[in-house]
file target-v5.txt (compact mmCIF, C-alpha atoms)
# COMPACT_ATOMS: atom_id res chain seq x y z
CA MET A 1 29.75 45.71 48.62
CA ARG A 2 28.06 43.91 45.70
CA LEU A 3 29.20 40.34 45.08
CA PRO A 4 29.74 39.36 41.47
CA LEU A 5 27.30 36.85 39.97
CA SER A 6 28.48 33.55 38.57
CA PRO A 7 28.54 33.39 34.77
CA ARG A 8 25.52 31.05 34.72
CA LEU A 9 23.33 33.22 36.96
CA ALA A 10 24.41 36.36 35.21
CA ALA A 11 23.42 34.92 31.86
CA ALA A 12 20.06 33.74 33.21
CA ALA A 13 19.38 37.07 34.87
CA VAL A 14 20.08 39.24 31.86
CA LYS A 15 18.64 36.99 29.15
CA PRO A 16 14.98 38.19 28.89
CA PRO A 17 15.54 42.03 28.92
CA ARG A 18 18.99 42.60 27.46
CA HIS A 19 19.01 46.36 28.26
CA ARG A 20 18.11 45.98 31.95
CA PRO A 21 21.13 46.35 34.29
CA LEU A 22 21.71 44.07 37.24
CA VAL A 23 20.68 46.03 40.33
CA ARG A 24 19.31 43.37 42.65
CA PRO A 25 21.42 42.00 45.48
CA PRO A 26 22.38 38.35 45.18
CA MET A 27 19.64 36.03 46.34
CA PRO A 28 18.52 32.47 45.58
CA PRO A 29 17.26 32.54 42.01
CA SER A 30 13.65 31.58 41.31
CA PRO A 31 12.81 28.30 39.56
CA PRO A 32 12.07 30.01 36.21
CA LEU A 33 15.55 31.53 36.14
CA LEU A 34 17.11 28.13 36.77
CA SER A 35 15.09 26.44 34.03
CA SER A 36 17.27 24.85 31.39
CA THR A 37 14.50 25.15 28.80
CA PRO A 38 15.42 27.67 26.09
CA PRO A 39 13.07 30.69 25.95
CA PRO A 40 11.76 29.93 22.42
CA ALA A 41 10.56 26.49 23.52
CA LYS A 42 8.80 28.00 26.54
CA LEU A 43 7.01 30.50 24.34
CA VAL A 44 5.65 27.68 22.17
CA GLU A 45 4.34 25.62 25.08
CA THR A 46 3.05 28.44 27.31
CA PRO A 47 -0.54 29.50 26.43
CA LYS A 48 -0.01 32.99 27.96
CA PRO A 49 3.52 34.26 27.29
CA GLY A 50 3.16 37.10 29.78
CA ILE A 51 2.78 34.70 32.73
CA SER A 52 5.79 32.69 33.82
CA GLN A 53 5.23 29.03 34.72
CA PRO A 54 7.59 27.12 37.02
CA HIS A 55 6.97 23.81 35.18
CA PRO A 56 6.20 23.06 31.52
CA PRO A 57 2.64 21.87 30.89
CA PRO A 58 2.21 18.08 30.48
CA SER A 59 2.35 16.85 26.91
CA ARG A 60 -0.74 15.51 25.19
CA ARG A 61 0.78 12.02 25.12
CA ARG A 62 0.99 11.91 28.92
CA LEU A 63 -2.54 13.06 29.72
CA PRO A 64 -4.26 9.67 29.24
CA LEU A 65 -1.65 8.02 31.45
CA ALA A 66 -2.31 10.55 34.18
CA ASP A 67 -6.05 9.91 33.96
CA GLU A 68 -5.58 6.16 34.11
CA ALA A 69 -3.30 6.50 37.12
CA GLN A 70 -6.24 7.95 39.02
CA GLU A 71 -8.36 4.89 38.30
CA GLU A 72 -8.33 1.86 40.53
CA TRP A 73 -7.17 -1.53 39.33
CA HIS A 74 -9.08 -4.38 40.93
CA PRO A 75 -7.32 -7.75 41.38
CA LEU A 76 -8.92 -11.00 40.24
CA PRO A 77 -8.34 -14.50 41.65
CA LEU A 78 -6.17 -15.44 38.67
CA SER A 79 -2.39 -15.45 38.31
CA ALA A 80 -0.38 -15.31 35.10
CA GLY A 81 -0.28 -19.10 35.21
CA ASP A 82 -4.08 -19.20 35.45
CA LEU A 83 -4.59 -16.81 32.54
CA SER A 84 -2.14 -15.51 29.99
CA LEU A 85 -3.62 -12.56 28.11
CA PRO A 86 -1.76 -13.19 24.82
CA LEU A 87 -2.54 -16.92 24.91
CA THR A 88 -6.24 -16.42 25.63
CA LEU A 89 -7.66 -13.25 24.07
CA PRO A 90 -6.08 -13.00 20.56
CA THR A 91 -5.93 -16.74 19.73
CA GLY A 92 -9.20 -17.35 17.91
CA GLN A 93 -11.78 -17.73 20.69
CA THR A 94 -13.00 -14.17 20.41
CA PHE A 95 -12.27 -11.28 18.07
CA LEU A 96 -13.46 -8.32 20.14
CA TRP A 97 -10.48 -7.51 22.38
CA ARG A 98 -7.82 -5.00 21.42
CA ARG A 99 -4.27 -4.59 22.69
CA THR A 100 -4.32 -1.03 24.09
CA SER A 101 -0.87 -1.02 25.70
CA LEU A 102 2.36 -2.91 25.14
CA SER A 103 4.19 -1.91 28.32
CA PRO A 104 2.58 -2.93 30.52
CA LEU A 105 0.68 -5.37 28.33
CA ARG A 106 -2.98 -4.46 28.41
CA PHE A 107 -6.07 -5.66 26.54
CA THR A 108 -9.41 -3.87 26.45
CA GLY A 109 -12.83 -5.20 25.56
CA ALA A 110 -16.53 -5.25 26.41
CA VAL A 111 -18.00 -7.83 28.76
CA GLY A 112 -21.72 -7.23 28.50
CA PRO A 113 -22.29 -3.56 29.34
CA TYR A 114 -18.88 -3.18 30.99
CA LEU A 115 -15.86 -1.72 29.22
CA ILE A 116 -12.84 -3.35 30.83
CA SER A 117 -9.07 -3.34 30.53
CA LEU A 118 -7.07 -6.34 31.73
CA SER A 119 -3.45 -6.38 32.83
CA HIS A 120 -1.18 -8.13 35.29
CA LEU A 121 -0.03 -6.46 38.50
CA PRO A 122 3.69 -6.55 39.41
CA ASP A 123 3.00 -9.55 41.68
CA GLY A 124 1.55 -11.49 38.73
CA ARG A 125 -2.11 -11.28 39.64
CA LEU A 126 -4.59 -10.41 36.93
CA ALA A 127 -6.42 -7.13 37.50
CA PHE A 128 -9.10 -5.16 35.71
CA LEU A 129 -9.84 -1.48 35.20
CA LEU A 130 -13.48 -0.52 34.73
CA HIS A 131 -13.84 2.31 32.23
CA ASN A 132 -16.89 4.51 32.43
CA ASP A 133 -17.88 7.76 30.74
CA ASP A 134 -19.55 8.64 34.04
CA PRO A 135 -16.77 9.77 36.43
CA THR A 136 -18.53 8.15 39.38
CA THR A 137 -17.93 4.42 39.55
CA THR A 138 -19.77 2.90 42.49
CA PRO A 139 -18.63 -0.15 44.47
CA SER A 140 -21.75 -1.99 43.29
CA SER A 141 -20.85 -1.46 39.64
CA VAL A 142 -17.30 -2.70 40.28
CA ALA A 143 -18.68 -5.78 42.05
CA ALA A 144 -21.10 -6.47 39.19
CA ALA A 145 -18.31 -6.05 36.63
CA ARG A 146 -16.07 -8.39 38.63
CA ALA A 147 -18.77 -11.06 38.72
CA ALA A 148 -19.45 -10.75 34.99
CA LEU A 149 -15.73 -10.87 34.22
CA CYS A 150 -15.04 -13.91 36.39
CA ASP A 151 -17.89 -15.72 34.64
CA TYR A 152 -16.57 -14.66 31.23
CA LEU A 153 -13.04 -15.85 32.09
CA ASN A 154 -14.24 -19.20 33.47
CA ALA A 155 -12.36 -18.29 36.64
CA ALA A 156 -13.78 -21.22 38.63
CA VAL A 157 -12.00 -23.81 36.47
CA PRO A 158 -8.61 -24.80 38.00
CA LEU A 159 -6.38 -24.46 34.95
CA ALA A 160 -3.15 -25.57 36.65
CA ASP A 161 -4.75 -28.87 37.69
CA LEU A 162 -6.01 -29.47 34.15
CA TRP A 163 -2.62 -28.81 32.61
CA ARG A 164 -0.97 -31.25 35.02
CA GLN A 165 -3.47 -33.93 34.01
CA PHE A 166 -3.03 -33.20 30.30
CA THR A 167 0.76 -33.20 30.60
CA ALA A 168 0.73 -36.58 32.33
CA ALA A 169 -1.64 -37.98 29.70
CA ASP A 170 0.13 -36.86 26.53
CA ALA A 171 3.77 -36.19 25.62
CA ARG A 172 2.80 -33.85 22.79
CA PHE A 173 0.77 -31.68 25.18
CA ALA A 174 3.72 -31.61 27.60
CA GLU A 175 5.98 -30.37 24.81
CA VAL A 176 3.57 -27.62 23.70
CA ALA A 177 2.83 -26.58 27.29
CA ALA A 178 6.53 -26.13 28.01
CA ARG A 179 6.95 -24.04 24.87
CA LEU A 180 3.99 -21.82 25.87
CA GLY A 181 5.35 -21.18 29.36
CA GLY A 182 3.64 -23.88 31.36
CA GLY A 183 0.14 -22.43 31.63
CA GLY A 184 -2.27 -19.63 30.96
CA ALA A 185 -4.28 -20.61 27.84
CA ARG A 186 -7.81 -20.52 29.23
CA VAL A 187 -11.11 -21.28 27.48
CA LEU A 188 -13.56 -18.40 27.76
CA ARG A 189 -17.27 -18.57 28.65
CA GLN A 190 -18.67 -15.96 26.31
CA ASP A 191 -22.22 -14.77 25.86
CA PRO A 192 -23.76 -17.26 23.38
CA VAL A 193 -25.21 -14.50 21.18
CA ASP A 194 -21.85 -12.72 20.89
CA CYS A 195 -20.03 -16.00 20.22
CA LEU A 196 -22.50 -17.24 17.58
CA PHE A 197 -22.34 -14.12 15.43
CA GLN A 198 -18.57 -13.87 15.75
CA PHE A 199 -18.12 -17.38 14.39
CA LEU A 200 -20.59 -16.79 11.58
CA CYS A 201 -17.86 -14.44 10.31
CA SER A 202 -15.11 -17.04 10.63
CA SER A 203 -15.83 -19.48 7.81
CA ASN A 204 -13.10 -19.53 5.12
CA ASN A 205 -11.52 -16.45 6.64
CA ASN A 206 -8.38 -15.21 8.39
CA ILE A 207 -7.94 -13.64 11.80
CA ALA A 208 -7.44 -10.06 10.64
CA ARG A 209 -10.47 -10.08 8.38
CA ILE A 210 -12.67 -11.81 10.96
CA GLU A 211 -11.73 -9.09 13.46
CA LYS A 212 -12.73 -6.41 10.99
CA MET A 213 -16.13 -7.99 10.36
CA VAL A 214 -16.83 -8.65 14.03
CA TRP A 215 -15.81 -5.07 14.87
CA THR A 216 -18.32 -3.86 12.29
CA LEU A 217 -21.09 -5.95 13.86
CA ALA A 218 -20.21 -4.68 17.33
CA GLY A 219 -20.57 -1.13 16.04
CA TYR A 220 -24.35 -1.65 15.83
CA GLY A 221 -24.45 -1.89 19.63
CA GLU A 222 -24.40 0.79 22.31
CA ARG A 223 -21.23 2.84 22.51
CA LEU A 224 -19.31 2.21 25.74
CA GLY A 225 -16.29 4.49 25.35
CA GLU A 226 -12.88 4.96 23.79
CA VAL A 227 -9.61 3.47 25.02
CA GLY A 228 -6.25 3.56 23.27
CA GLY A 229 -7.74 5.04 20.13
CA PHE A 230 -10.38 2.27 19.79
CA VAL A 231 -14.10 2.95 20.18
CA PHE A 232 -15.81 0.05 21.97
CA HIS A 233 -19.46 -1.00 21.86
CA GLN A 234 -21.59 -3.47 23.74
CA PHE A 235 -22.34 -6.29 21.32
CA PRO A 236 -25.76 -5.66 19.74
CA THR A 237 -28.86 -7.65 20.57
CA ILE A 238 -30.38 -10.14 18.16
CA GLU A 239 -33.23 -7.71 17.59
CA ARG A 240 -30.81 -4.98 16.56
CA LEU A 241 -28.92 -7.29 14.19
CA ALA A 242 -32.18 -8.36 12.59
CA GLN A 243 -32.68 -4.73 11.50
CA VAL A 244 -29.45 -4.74 9.47
CA SER A 245 -29.97 -5.51 5.81
CA GLU A 246 -28.02 -8.08 3.85
CA GLN A 247 -27.06 -5.41 1.33
CA GLU A 248 -25.61 -3.22 4.08
CA LEU A 249 -23.38 -6.05 5.28
CA ARG A 250 -22.31 -6.95 1.76
CA GLU A 251 -21.26 -3.37 1.18
CA ALA A 252 -19.23 -3.60 4.39
CA GLY A 253 -17.29 -6.55 2.96
CA PHE A 254 -19.06 -9.55 4.54
CA GLY A 255 -19.69 -11.25 1.21
CA TYR A 256 -21.82 -14.39 1.34
CA ARG A 257 -21.69 -14.34 5.16
CA ALA A 258 -24.11 -11.40 5.11
CA LYS A 259 -27.07 -13.64 4.34
CA TYR A 260 -26.10 -16.01 7.16
CA ILE A 261 -25.98 -13.22 9.74
CA VAL A 262 -29.31 -11.73 8.66
CA GLY A 263 -30.94 -15.16 8.33
CA THR A 264 -29.70 -16.37 11.72
CA ALA A 265 -30.88 -13.20 13.46
CA LYS A 266 -34.38 -13.62 12.00
CA GLU A 267 -34.56 -17.31 12.88
CA LEU A 268 -33.48 -16.64 16.46
CA ILE A 269 -36.14 -13.97 16.90
CA ALA A 270 -38.75 -16.56 15.90
CA LYS A 271 -37.62 -19.01 18.61
CA PRO A 272 -40.03 -19.50 21.55
CA GLY A 273 -39.03 -17.04 24.25
CA GLY A 274 -36.52 -15.36 21.93
CA GLY A 275 -33.16 -16.32 20.55
CA ALA A 276 -31.06 -15.33 23.57
CA LYS A 277 -33.12 -17.61 25.83
CA TRP A 278 -33.02 -20.46 23.30
CA LEU A 279 -29.22 -20.26 23.10
CA ALA A 280 -28.81 -20.03 26.89
CA LEU A 281 -30.93 -23.17 27.36
CA LEU A 282 -28.50 -25.12 25.20
CA ARG A 283 -26.08 -24.98 28.11
CA ASP A 284 -28.27 -27.58 29.83
CA ARG A 285 -28.39 -29.95 26.83
CA GLU A 286 -26.01 -32.75 25.88
CA LEU A 287 -23.35 -32.01 23.28
CA PRO A 288 -24.93 -33.94 20.36
CA GLU A 289 -28.22 -32.09 20.85
CA VAL A 290 -26.39 -28.77 21.07
CA ILE A 291 -24.52 -29.40 17.81
CA GLU A 292 -27.70 -30.54 16.08
CA GLY A 293 -29.63 -27.47 17.26
CA LEU A 294 -26.94 -25.00 16.24
CA CYS A 295 -26.57 -26.58 12.80
CA THR A 296 -30.21 -25.67 12.03
CA LEU A 297 -29.12 -22.01 11.88
CA PRO A 298 -28.00 -20.52 8.54
CA GLY A 299 -24.24 -20.70 8.05
CA VAL A 300 -23.55 -22.99 11.03
CA GLY A 301 -21.82 -26.27 10.30
CA PRO A 302 -20.34 -28.87 12.68
CA LYS A 303 -17.02 -27.05 13.18
CA VAL A 304 -18.61 -23.64 13.87
CA ALA A 305 -21.16 -25.34 16.13
CA ALA A 306 -18.35 -27.00 18.10
CA CYS A 307 -16.61 -23.62 18.54
CA ILE A 308 -19.81 -22.03 19.88
CA ALA A 309 -20.45 -25.03 22.15
CA LEU A 310 -16.91 -24.92 23.59
CA PHE A 311 -16.47 -21.16 23.95
CA SER A 312 -19.94 -20.21 25.21
CA LEU A 313 -22.18 -23.19 26.06
CA ASP A 314 -20.15 -25.07 28.72
CA LYS A 315 -19.41 -28.03 26.44
CA ASN A 316 -15.82 -28.46 27.59
CA GLN A 317 -15.44 -31.70 25.64
CA ALA A 318 -16.39 -30.13 22.29
CA ILE A 319 -13.64 -30.43 19.67
CA PRO A 320 -13.69 -28.01 16.70
CA VAL A 321 -11.82 -29.98 14.06
CA ASP A 322 -10.12 -27.86 11.40
CA THR A 323 -6.97 -28.44 9.37
CA HIS A 324 -4.72 -27.57 12.33
CA VAL A 325 -6.44 -30.00 14.69
CA TRP A 326 -6.58 -32.62 11.93
CA LYS A 327 -2.80 -32.31 11.53
CA VAL A 328 -2.25 -32.80 15.26
CA ALA A 329 -4.59 -35.78 15.32
CA THR A 330 -3.01 -37.59 12.36
CA GLN A 331 0.52 -36.97 13.65
CA TYR A 332 0.07 -37.84 17.32
CA LEU A 333 -3.33 -39.37 18.12
CA LEU A 334 -4.45 -41.25 15.02
CA PRO A 335 -1.41 -41.82 12.77
CA GLU A 336 -3.35 -44.46 10.86
CA LEU A 337 -5.43 -41.62 9.35
CA ALA A 338 -2.41 -39.84 7.87
CA GLY A 339 -2.84 -39.19 4.17
CA LYS A 340 -6.64 -39.25 4.29
CA SER A 341 -8.88 -36.24 3.72
CA LEU A 342 -10.90 -34.73 6.54
CA THR A 343 -14.60 -35.63 6.33
CA PRO A 344 -17.53 -35.07 8.73
CA LYS A 345 -17.34 -38.71 9.84
CA LEU A 346 -13.59 -38.48 10.47
CA SER A 347 -14.18 -35.26 12.43
CA ILE A 348 -16.27 -37.31 14.85
CA VAL A 349 -13.51 -39.92 15.07
CA VAL A 350 -10.97 -37.21 15.89
CA ALA A 351 -13.21 -35.65 18.53
CA ASP A 352 -13.74 -39.03 20.19
CA ALA A 353 -9.97 -39.62 20.23
CA PHE A 354 -9.39 -36.30 22.02
CA VAL A 355 -12.02 -37.10 24.63
CA ALA A 356 -10.55 -40.57 25.17
CA LYS A 357 -7.12 -39.04 25.70
CA PHE A 358 -7.95 -35.94 27.78
CA GLY A 359 -11.37 -36.56 29.34
CA VAL A 360 -14.31 -34.19 29.83
CA TYR A 361 -12.12 -31.10 29.42
CA ALA A 362 -10.70 -32.31 26.13
CA GLY A 363 -11.71 -29.05 24.45
CA TRP A 364 -9.32 -27.16 26.73
CA ALA A 365 -6.45 -29.48 25.78
CA GLN A 366 -7.33 -29.18 22.08
CA THR A 367 -7.25 -25.37 22.41
CA VAL A 368 -3.66 -25.50 23.70
CA LEU A 369 -2.59 -27.83 20.90
CA PHE A 370 -4.32 -25.55 18.39
CA ILE A 371 -2.39 -22.53 19.73
CA GLY A 372 0.79 -24.58 19.49
CA GLN A 373 0.18 -24.93 15.75
CA LEU A 374 -0.22 -21.16 15.26
CA PRO A 375 2.92 -19.00 15.55
CA ALA A 376 2.18 -15.58 17.01
CA GLN A 377 2.99 -13.78 13.77
CA LYS A 378 0.23 -15.68 11.99
CA LEU A 379 -2.32 -14.46 14.50
CA ASN A 380 -1.35 -10.80 14.16
CA ALA A 381 -1.02 -10.51 10.40
CA THR A 382 -3.41 -10.84 7.52
CA LYS A 383 -2.26 -13.61 5.24
CA ALA A 384 -1.92 -12.58 1.63
CA THR A 385 -3.91 -14.81 -0.72
CA LYS A 386 -4.75 -14.89 -4.37
CA ARG A 387 -8.03 -13.12 -3.50
CA LYS A 388 -6.15 -10.03 -2.37
CA ARG A 389 -5.53 -7.34 -4.96
CA GLY A 390 -3.45 -4.49 -3.66
CA ALA A 391 -4.98 -3.26 -0.41
CA LYS A 392 -8.48 -4.46 -1.25
CA ILE A 393 -9.74 -7.96 -0.46
CA VAL A 394 -12.03 -9.21 -3.20
CA GLU A 395 -14.67 -11.56 -1.84
CA ILE A 396 -15.87 -14.45 -3.95
CA GLN A 397 -19.67 -14.37 -3.76
CA THR A 398 -21.63 -17.58 -3.42
call {"tool": "encode", "arguments": {"input": "target-v5.txt", "output": "structure tokens"}}
result
Amino acid sequence: MRLPLSPRLAAAAVKPPRHRPLVRPPMPPSPPLLSSTPPPAKLVETPKPGISQPHPPPSRRRLPLADEAQEEWHPLPLSAGDLSLPLTLPTGQTFLWRRTSLSPLRFTGAVGPYLISLSHLPDGRLAFLLHNDDPTTTPSSVAAARAALCDYLNAAVPLADLWRQFTAADARFAEVAARLGGGGARVLRQDPVDCLFQFLCSSNNNIARIEKMVWTLAGYGERLGEVGGFVFHQFPTIERLAQVSEQELREAGFGYRAKYIVGTAKELIAKPGGGAKWLALLRDRELPEVIEGLCTLPGVGPKVAACIALFSLDKNQAIPVDTHVWKVATQYLLPELAGKSLTPKLSIVVADAFVAKFGVYAGWAQTVLFIGQLPAQKLNATKATKRKRGAKIVEIQT
């Protein structure tokens, strides 16, 4: 005796060939017959309509996530309190990292020859993913990348201890630190060549436009790979930058900064032992000598020199004084200077006041106070100015 099929199974069984009668005995239906996907949708997604597939193929959007899931994330000796990605990478120290994921928050950038993504594990620890076009990533390459990254992130500096000292020393710092979450804004230790040429692009400029220029310079280096739709390169050598013409950079929108980049590259090549060695040796010099040496390069003034010294040359007491830092200084450290205009001599006075207040790591405290003056929306948007006409930024040549 044949048992009647339920309405649902009967409909699924007779749907594909409408003229075929039901002759099979009742049995557990196969997965394709139980699929709730309408037949037209299956025909669009299935490359060979004649072959049934128990599961729909993965969408193109999910493929990169599946590939990344196969990679190994390597923890670093830094917690979220030791390093906050949004307070460190996109806040004006460097312009080469890109946010490649929002959930979880992930930043990707080049550290020397290594293409690296950074994110926090569920337990709060910072971890890195080493990208490589070569599918084989050896333990030695991971170890080398870890060492380079820890050096780049200044991982040996105890940030929590510094913030406690700064908080005890200054009420304004305590207020800003609480607003920023109590920690995580770390000063980087970048390659001096990378840092110098990035800050040559920063004069009289805004974050978005600096990033565009720096990204263009990086494009002259060796291609490392693509992550999140961004193509990353190892920052070019001085020798490679010296081959770029001023006209080429002007056509790319660098304006008057083009001559500084070309001129600095040529001057560094002429240094005894090469420019990279000359810059690295500045790490062993005192701050006044470092500032004086950097200011001999085209386009480098005291503020840019202080940025390079702080973010790449181990001069933790260097204070880059701009309008934001000047505002903090006249409001909280040196109120007697309120109403005066910032001059090179007063910049030195401000720097000395920061060192007197915060000690040999005054540059780290100044960085936090600087971030406190910059709302996040100002860091992520290009500010419209009178130089901007429509979508094109018109550069004033000098």
call {"tool": "closest_residue", "arguments": {"input": "target-v5.txt", "among": "A:Val350, A:Gln373, A:Asp314, A:Thr138", "to": "A:Leu337", "atoms": "all atoms listed in the file"}}
result
A:Val350
call {"tool": "residues_near_point", "arguments": {"input": "target-v5.txt", "point": "(-13.5, -3.7, 30.7)", "cutoff": "9 Å", "atoms": "only C-alpha atoms", "output": "list in words"}}
result
Phe107, Thr108, Gly109, Ala110, Val111, Pro113, Tyr114, Leu115, Ile116, Ser117, Leu118, Phe128, Leu129, Leu130, His131, Ala145 and Leu149 of chain A
call {"tool": "residues_around", "arguments": {"input": "target-v5.txt", "residues": "stretch 264-269 of chain A", "least_positions_apart": "3", "cutoff": "6 Å", "atoms": "all atoms listed in the file", "output": "ChimeraX atom specification"}}
result
/A:238,242,260-261,274-275,297-298
call {"tool": "residues_near_point", "arguments": {"input": "target-v5.txt", "point": "(-4.9, -8.8, 33.3)", "cutoff": "7 Å", "atoms": "all atoms listed in the file", "output": "number ranges by chain"}}
result
A: 85, 106, 118-120, 126-128
call {"tool": "closest_residue", "arguments": {"input": "target-v5.txt", "among": "A:Leu241, A:Ile319, A:Cys201, A:Leu287", "to": "A:Gly255", "atoms": "only C-alpha atoms"}}
result
A:Cys201
call {"tool": "closest_residue", "arguments": {"input": "target-v5.txt", "among": "A:Pro158, A:Glu246, A:Thr167, A:Gly301", "to": "A:Phe199", "atoms": "all atoms listed in the file"}}
result
A:Gly301
call {"tool": "closest_residue", "arguments": {"input": "target-v5.txt", "among": "A:Ala160, A:Val360, A:Lys345, A:Ala338", "to": "A:Gly184", "atoms": "all atoms listed in the file"}}
result
A:Ala160
call {"tool": "closest_residue", "arguments": {"input": "target-v5.txt", "among": "A:Pro320, A:Arg223, A:Pro302, A:Thr330", "to": "A:Pro344", "atoms": "only C-alpha atoms"}}
result
A:Pro302
call {"tool": "residues_around", "arguments": {"input": "target-v5.txt", "residues": "A:Ala362", "least_positions_apart": "3", "cutoff": "12 Å", "atoms": "only C-alpha atoms", "output": "PyMOL selection string"}}
result
chain A and resi 162-163+165-166+169-170+173+187+310+315-320+350-359+365-369
call {"tool": "atom_distance", "arguments": {"input": "target-v5.txt", "atom1": "atom CA of A:Phe95", "atom2": "atom CA of A:Arg250"}}
result
19.6 Å
call {"tool": "closest_residue", "arguments": {"input": "target-v5.txt", "among": "A:Ala147, A:Ala276, A:Cys307, A:Ala156", "to": "A:Val290", "atoms": "only C-alpha atoms"}}
result
A:Cys307
call {"tool": "atom_distance", "arguments": {"input": "target-v5.txt", "atom1": "atom CA of A:Val321", "atom2": "atom CA of A:Ser347"}}
result
6.0 Å
call {"tool": "atom_distance", "arguments": {"input": "target-v5.txt", "atom1": "atom CA of A:Val244", "atom2": "atom CA of A:Val262"}}
result
7.0 Å
call {"tool": "residues_around", "arguments": {"input": "target-v5.txt", "residues": "A:Val300", "least_positions_apart": "5", "cutoff": "12 Å", "atoms": "only C-alpha atoms", "output": "PyMOL selection string"}}
result
chain A and resi 196-203+257+260-261+263-264+290-295+305-309
